[in-house]
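S.K.: The structure follows.
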Amino acid sequence: MLKYIVRRILEAIPTVLGVTLLSFVMIRAAGSPVRILLGNHYTVYRAAMLSRSLGLSKPLWDQYVIWLGNLLHGNFGYSYTYDRPVVGLMLQALPHTIIIVVVAVLAAHVFAVFLGSVQAYFENTKFDQIVTVVNYFFYSMPTFWLAVLLIIFFSIDLNWLPSGGIVNAQLSNPGFGDWAKHLILPISALFLVSVAGWARYMRSSMREALLQDYVRTARMKGASEFRVIFVHALRNSILPLITLFGLSLPVLLSGALFVEEVFNYPGMGLLYWDAVNSRDYPIIMGVTVFIGLVTVAGNLIADILYGLIDPRIQYR
Amino acid sequence: MHKRCQTTLPGGAVLSNVLEVDSLSVEFRINGEYFHAVHDVSFHIESGETLGIVGESGCGKSVTSLALLRLLTKNARVSGEVSYKGRNLLDLPDREMRQIRGNEVSMIFQEPMTSLNPVYKIGAQISEALRLHTQTTPRRAWQQSMEMLRSVGIARAEGVMGEYPHQLSGGMRQRVMIAMSMVCNPQLLIADEPTTALDVTIQAQILDLMRKLSKDLGTSVLLITHDLGVVAEMCDRVAVMYAGEIVEQGTAKDIFHNPQHPYTRGLLNAIPKLDAASKERLQPIEGNVPSLTRMPKGCHFAPRCPLVFEKCRAEAPGLFRVEPGHLSRCWLNDAQEGN
């Protein structure tokens with residue numbers, strides 16, 4: 001098992017390197033940060049000076065090698081716009097992202113598994129049909145638009161919840177309650193979008209499992225329908241969802257980009273968004289490396305969970 | 001239909017019936033219309049005996065067996081009466097039905113390869129039956145399951161308890177299924193083609209095992225099969241099914257030595273024999289089993305019957321008594337016809 005994990009990590013190194021090389025080249029095609037940084041103070045001379053001091057006047061290949069060398073020493077570089085180490089900025093943003101992603105993903109997973117299973121059991125009843133329509137509604141809705149709708153409805157019309165940020169600046173001593181209030185809408189947006197897709201997978205997977213012979217055996221033994229679904233069929237039908245979980249991890253941890261942008265929520269997504277807008281190369285590259293690592297980790301976690309759930313899978 | 005809960009033998013001993021099935025019918029909905037898969041089937045199983053139900057694939061024998069424990073899919077409509085210890089299983093609330101399943105009446109299936117849950121250990125799957133029906137500790141249930149595995153002839157019981165189904169052969173899995181269905185010491189075991197998917201040598205072992213267990217534990221057996229050889233070896237009484245109906249019923253001796261229904265005779269003629277005259281060609285029954293949606297109007301067997309006459313096509317025969325306990329669904333056995 002340990003050997004398997006080590007091998008998978010070693011295999012992932014070229015992939016991650018490839019991703020960094022690609023983004024390193026491609027982000028430079030999007031334009032230089034010099035003009036943005038200088039703004040109204042732009043002159044050709046200043047631009048050349050700044051370019052030089054940022055190391056952008058060197059050949060591209062040299063820039064990449066220097067960046068990579070620094071990375072291997074744990075140095076992600078300095079942000080152009082914040083003038084602070086990228087690691088510090090990422091460590092500041094990450095907990096905010098983790099909190100909404102973990103809550104939304106866990107809640108969405110549990111709920112989607114439950115909803116999809118029950119739908120499969122009551123296949124083609126009115127209940128199933130209504131839930132399917134609602135699912136499609138959320139599944140086909142763009143995240144950012146859903147987020148905007150939530151703001152219009154809950155923040156503007158009803159005035160129940162704050163529309164963005166993580167803290168109410170007008171409170172002298174904002175506490176846990178204020179913080180939690182700011183989390184509700186971003187989490188809800190992520191939750192609704194995830195549930196809709198996952199429940200559809202779960203429904204079809206559970207539907208198939210319920211037709212298997214071992215389900216009949218479980219009924220023959222005298223197991224209750226609850227036990228038949230949630231003990232016997234569930235463990236067999238949850239495997240596709242584990243894959244989805246692994247695949248969704250990097251997407252979500254790199255910030256549920258649109259949700260954080262719409263809610264002005266200071267997580268990884270917003271950090272990335274702002275960095276792209278100002279061509280802040282070190283941050284962009286830092287987040288890219290992070291996404292690469294989380295992708296590898298997500299796939300590895302999915303594979304390990306697979307083995308824990310299905311004894312027929314063995315690691316070599 | 002007459003009711004017969006107990007049979008008094010000449011000596012005064014009383015044999016009670018474990019199960020009485022009275023005019024059981026099963027219909028399936030196909031494109032919004034209901035079609036009979038099983039029609040008006042009645043039989044009983046006496047305590048300790050083995051009743052065989054034989055017939056071709058598609059004759060409704062598996063459907064009958066699944067209907068007894070209400071294990072059919074939702075598009076099936078079941079009517080009639082399945083009386084177990086004086087209670088009609090078809091009317092029982094779900095909770096009470098579950099207390100009977102796996103505990104008093106249990107079942108083994110045709111496909112040992114897919115009938116066990118691939119993601120749980122053998123030990124967990126067998127002891128689940130015990131834990132659902134008895135107030136035993138997990139440890140005792142595990143222990144008892146292991147003993148059950150030993151008594152179904154698995155020497156390596158302790159090791160097998162901790163293994164998963166994919167690590168076992170088909171024969172081993174069917175032994176595990178038998179252990180699972182017998183661990184609560186049921187009154188009745190329904191075996192739906194238990195050996196069809198197995199090699200011939202393994203078949204014989206499994207049949208031996210079932211015979212031994214049912215004798216040792218006094219379990220009645222309802223054996224569903226298409227194999228007359230298995231019937232001859234295992235069964236006290238036999239019901240022959242054709243196109244959803246019982247066409248002949250009697251003791252194994254009646255069926256093998258004095259078959260009445262042309263279908264039964266056809267089945268017996270289709271068995272290869274190893275005696276001197278084996279140069280003869282086998283005699284197949286011409287034609288096919290009619291499909292659910294296209295049942296003939298009169299006798300269901302009429303289109304394939306070598307002895308068919310006019311009345312057969314016009315009117316469906318009832319079950320006529322040939323001798324006490326020996327019934328045949330053929331106009332030729334109608335005493336009033338003077339045959």
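Here, A, B, ... name the chains of the structure tokens in the order displayed, residue numbers run from 1 inside each chain, and ligands are numbered from 1 in the same displayed order.
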Which residues of chain A have any atom within 9 Å of an atom in chain B when counting only C-alpha atoms, and what is the closest pair of atoms for each, with the distance in Å to one decimal? Order the rows by chain and rising number and write it as a tab-separated table.

M.R.:
residue	atom	partner	partner_atom	distance
A:Gln212	CA	B:Thr114	CA	7.5
A:Asp213	CA	B:Ser115	CA	4.8
A:Tyr214	CA	B:Ser115	CA	4.4
A:Val215	CA	B:Asn117	CA	7.7
A:Arg216	CA	B:Leu71	CA	7.0
A:Thr217	CA	B:Ser115	CA	6.1
A:Ala218	CA	B:Asn117	CA	8.4
A:Arg219	CA	B:Leu71	CA	7.4
A:Met220	CA	B:Arg101	CA	5.5
A:Lys221	CA	B:Gly102	CA	4.0
A:Gly222	CA	B:Arg98	CA	4.4
A:Ala223	CA	B:Arg98	CA	6.7
A:Ser224	CA	B:Arg98	CA	7.1
A:His232	CA	B:Asn117	CA	7.1
A:Ala233	CA	B:Asn117	CA	8.6
A:Arg235	CA	B:Val119	CA	7.2
A:Asn236	CA	B:Val119	CA	6.9
A:Ile309	CA	B:Val119	CA	7.0
A:Asp310	CA	B:Val119	CA	5.5
A:Pro311	CA	B:Val119	CA	6.0
A:Arg312	CA	B:His166	CA	7.1

S.K.: Please identify all polymer residues within 12 Å of Thr243 of chain A, counting only C-alpha atoms, omitting same-chain residues fewer than 2 positions from it, and present them as a PyMOL selection string.

M.R.: chain A and resi 198+201-202+237-241+245-249+295+298-307

S.K.: From segment 78-231 of chain B, collect each residue whose DSSP state is alpha helix (DSSP H) and return the set as number ranges by chain.

M.R.: B: 94-100, 112-115, 122-133, 138-151, 157-161, 170-182, 200-217, 228-231

S.K.: For atom CA of Ala93 of chain A and atom CA of Met268 of chain A, quote the distance in Å rounded to one decimal.

M.R.: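 These two atoms are separated by 5.2 Å.
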
S.K.: Which neighbours of segment 57-60 of chain B fall inside 12 Å, counting only C-alpha atoms, when residues of the same chain fewer than 3 positions from it are skipped, and could you give them as JSON, numbers by chain?

M.R.: {"B": [24, 25, 26, 27, 28, 36, 37, 38, 39, 40, 41, 53, 54, 63, 64, 65, 66, 67, 192, 193, 196, 224, 225, 226, 227, 240, 241, 242, 243, 244, 245, 246, 247, 288, 289, 290, 291, 292, 295, 300, 301]}

S.K.: Show me, as a PyMOL selection string, the residues that have an atom within 12 Å of Pro85 of chain A when counting only C-alpha atoms, minus same-chain residues fewer than 3 positions from it.

M.R.: chain A and resi 74-82+88-92+282-283+286

S.K.: Residues of the last selection are to be written out with C-alpha atoms, as a short mmCIF file (atom, residue, chain, number, x, y, z; two decimals), in the first residue's frame.

M.R.:
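What landed in part-v7.cif:
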data_model
loop_
_atom_site.label_atom_id
_atom_site.label_comp_id
_atom_site.auth_asym_id
_atom_site.auth_seq_id
_atom_site.Cartn_x
_atom_site.Cartn_y
_atom_site.Cartn_z
CA GLY A 74 10.00 26.17 -1.00
CA ASN A 75 10.09 29.73 -2.33
CA PHE A 76 7.01 30.64 -4.37
CA GLY A 77 8.28 34.18 -4.94
CA TYR A 78 6.86 37.60 -4.13
CA SER A 79 3.55 38.91 -5.34
CA TYR A 80 3.89 41.96 -7.60
CA THR A 81 0.73 43.63 -6.43
CA TYR A 82 0.73 42.84 -2.71
CA GLY A 88 1.81 33.84 2.96
CA LEU A 89 -1.01 35.03 0.70
CA MET A 90 -2.01 31.48 -0.13
CA LEU A 91 -1.90 30.35 3.48
CA GLN A 92 -4.11 33.28 4.35
CA PRO A 282 4.03 34.55 -8.98
CA ILE A 283 0.55 34.15 -7.49
CA GLY A 286 1.73 29.41 -7.03
#

S.K.: Set the distance at 6 Å and use only C-alpha atoms: which residues neighbour Leu223 of chain B once local chain neighbours fewer than 2 positions away are removed? I'd like the list as JSON, numbers by chain.

M.R.: {"B": [52, 191, 221]}

S.K.: With N, CA, C and O atoms kept, could you save the residues just selected as a short mmCIF file (atom, residue, chain, number, x, y, z; two decimals), in the first residue's frame?

M.R.:
data_model
loop_
_atom_site.label_atom_id
_atom_site.label_comp_id
_atom_site.auth_asym_id
_atom_site.auth_seq_id
_atom_site.Cartn_x
_atom_site.Cartn_y
_atom_site.Cartn_z
N GLY B 52 -40.32 -31.53 -5.59
CA GLY B 52 -39.64 -30.96 -6.74
C GLY B 52 -40.62 -30.29 -7.67
O GLY B 52 -41.73 -30.78 -7.86
N ALA B 191 -35.08 -24.05 -2.95
CA ALA B 191 -33.83 -24.06 -3.71
C ALA B 191 -34.17 -23.90 -5.19
O ALA B 191 -34.74 -24.80 -5.80
N VAL B 221 -37.91 -29.25 1.84
CA VAL B 221 -37.24 -28.58 0.72
C VAL B 221 -38.20 -28.47 -0.46
O VAL B 221 -38.91 -29.42 -0.78
#

S.K.: Please identify all polymer residues within 8 Å of Leu90 of chain B, counting only C-alpha atoms, omitting same-chain residues fewer than 5 positions from it, and present them as a list in words.

M.R.: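 My list of contacting residues is Leu68, Arg70, Val78, Ser79, Gly80, Glu81 and Val82 of chain B.
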
S.K.: Residues at most 12 Å from Ser151 of chain B, counting only C-alpha atoms, excluding those fewer than 6 positions away in the same chain, as a PyMOL selection string?

M.R.: chain B and resi 144-145+157+175-176+178-180+182-183+209-210+212-213+216-217

S.K.: Take the selection from the previous step and output its residues with N, CA, C and O atoms, as a PDB file, in the first residue's frame.

M.R.:
ATOM      1  N   GLN B 144     -21.128 -19.122  15.501  1.00  0.00           N
ATOM      2  CA  GLN B 144     -22.156 -20.033  15.008  1.00  0.00           C
ATOM      3  C   GLN B 144     -22.095 -20.129  13.477  1.00  0.00           C
ATOM      4  O   GLN B 144     -22.285 -21.201  12.910  1.00  0.00           O
ATOM      5  N   SER B 145     -21.825 -19.010  12.835  1.00  0.00           N
ATOM      6  CA  SER B 145     -21.732 -19.006  11.374  1.00  0.00           C
ATOM      7  C   SER B 145     -20.574 -19.886  10.929  1.00  0.00           C
ATOM      8  O   SER B 145     -20.654 -20.589   9.924  1.00  0.00           O
ATOM      9  N   ALA B 157     -13.043 -23.316   7.346  1.00  0.00           N
ATOM     10  CA  ALA B 157     -14.122 -22.385   7.691  1.00  0.00           C
ATOM     11  C   ALA B 157     -13.595 -21.070   8.258  1.00  0.00           C
ATOM     12  O   ALA B 157     -14.057 -19.991   7.885  1.00  0.00           O
ATOM     13  N   ARG B 175     -22.059 -23.309  -1.418  1.00  0.00           N
ATOM     14  CA  ARG B 175     -22.027 -23.827  -0.047  1.00  0.00           C
ATOM     15  C   ARG B 175     -22.261 -22.694   0.953  1.00  0.00           C
ATOM     16  O   ARG B 175     -22.964 -22.842   1.944  1.00  0.00           O
ATOM     17  N   VAL B 176     -21.641 -21.555   0.664  1.00  0.00           N
ATOM     18  CA  VAL B 176     -21.835 -20.396   1.547  1.00  0.00           C
ATOM     19  C   VAL B 176     -23.305 -19.972   1.544  1.00  0.00           C
ATOM     20  O   VAL B 176     -23.889 -19.696   2.591  1.00  0.00           O
ATOM     21  N   ILE B 178     -25.831 -21.876   1.004  1.00  0.00           N
ATOM     22  CA  ILE B 178     -26.580 -22.874   1.772  1.00  0.00           C
ATOM     23  C   ILE B 178     -26.390 -22.619   3.259  1.00  0.00           C
ATOM     24  O   ILE B 178     -27.350 -22.632   4.032  1.00  0.00           O
ATOM     25  N   ALA B 179     -25.136 -22.341   3.655  1.00  0.00           N
ATOM     26  CA  ALA B 179     -24.874 -22.054   5.068  1.00  0.00           C
ATOM     27  C   ALA B 179     -25.694 -20.852   5.511  1.00  0.00           C
ATOM     28  O   ALA B 179     -26.295 -20.846   6.586  1.00  0.00           O
ATOM     29  N   MET B 180     -25.744 -19.824   4.665  1.00  0.00           N
ATOM     30  CA  MET B 180     -26.469 -18.603   5.001  1.00  0.00           C
ATOM     31  C   MET B 180     -27.956 -18.868   5.163  1.00  0.00           C
ATOM     32  O   MET B 180     -28.604 -18.340   6.051  1.00  0.00           O
ATOM     33  N   MET B 182     -29.334 -21.769   5.867  1.00  0.00           N
ATOM     34  CA  MET B 182     -29.670 -22.784   6.866  1.00  0.00           C
ATOM     35  C   MET B 182     -29.281 -22.379   8.285  1.00  0.00           C
ATOM     36  O   MET B 182     -29.606 -23.069   9.238  1.00  0.00           O
ATOM     37  N   VAL B 183     -28.579 -21.258   8.436  1.00  0.00           N
ATOM     38  CA  VAL B 183     -27.989 -20.942   9.735  1.00  0.00           C
ATOM     39  C   VAL B 183     -29.048 -20.656  10.792  1.00  0.00           C
ATOM     40  O   VAL B 183     -28.832 -20.869  11.980  1.00  0.00           O
ATOM     41  N   LEU B 209     -25.096 -32.645  -0.068  1.00  0.00           N
ATOM     42  CA  LEU B 209     -25.073 -31.777   1.099  1.00  0.00           C
ATOM     43  C   LEU B 209     -26.491 -31.347   1.476  1.00  0.00           C
ATOM     44  O   LEU B 209     -26.882 -31.401   2.639  1.00  0.00           O
ATOM     45  N   MET B 210     -27.285 -30.945   0.460  1.00  0.00           N
ATOM     46  CA  MET B 210     -28.646 -30.499   0.745  1.00  0.00           C
ATOM     47  C   MET B 210     -29.475 -31.635   1.333  1.00  0.00           C
ATOM     48  O   MET B 210     -30.256 -31.437   2.257  1.00  0.00           O
ATOM     49  N   LYS B 212     -28.384 -34.229   2.987  1.00  0.00           N
ATOM     50  CA  LYS B 212     -27.916 -34.546   4.340  1.00  0.00           C
ATOM     51  C   LYS B 212     -28.430 -33.506   5.340  1.00  0.00           C
ATOM     52  O   LYS B 212     -28.974 -33.852   6.382  1.00  0.00           O
ATOM     53  N   LEU B 213     -28.286 -32.232   4.973  1.00  0.00           N
ATOM     54  CA  LEU B 213     -28.710 -31.174   5.891  1.00  0.00           C
ATOM     55  C   LEU B 213     -30.209 -31.239   6.148  1.00  0.00           C
ATOM     56  O   LEU B 213     -30.653 -31.111   7.283  1.00  0.00           O
ATOM     57  N   ASP B 216     -30.820 -34.143   8.483  1.00  0.00           N
ATOM     58  CA  ASP B 216     -30.325 -33.908   9.843  1.00  0.00           C
ATOM     59  C   ASP B 216     -31.155 -32.883  10.581  1.00  0.00           C
ATOM     60  O   ASP B 216     -31.416 -33.009  11.775  1.00  0.00           O
ATOM     61  N   LEU B 217     -31.549 -31.817   9.886  1.00  0.00           N
ATOM     62  CA  LEU B 217     -32.225 -30.716  10.563  1.00  0.00           C
ATOM     63  C   LEU B 217     -33.744 -30.798  10.417  1.00  0.00           C
ATOM     64  O   LEU B 217     -34.466 -29.986  10.969  1.00  0.00           O
TER      65      LEU B 217
END

S.K.: One decimal, Å: what's the distance from atom CA of Tyr121 of chain A over to atom CA of Arg207 of chain A, could you say?

M.R.: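 These two atoms are separated by 7.0 Å.
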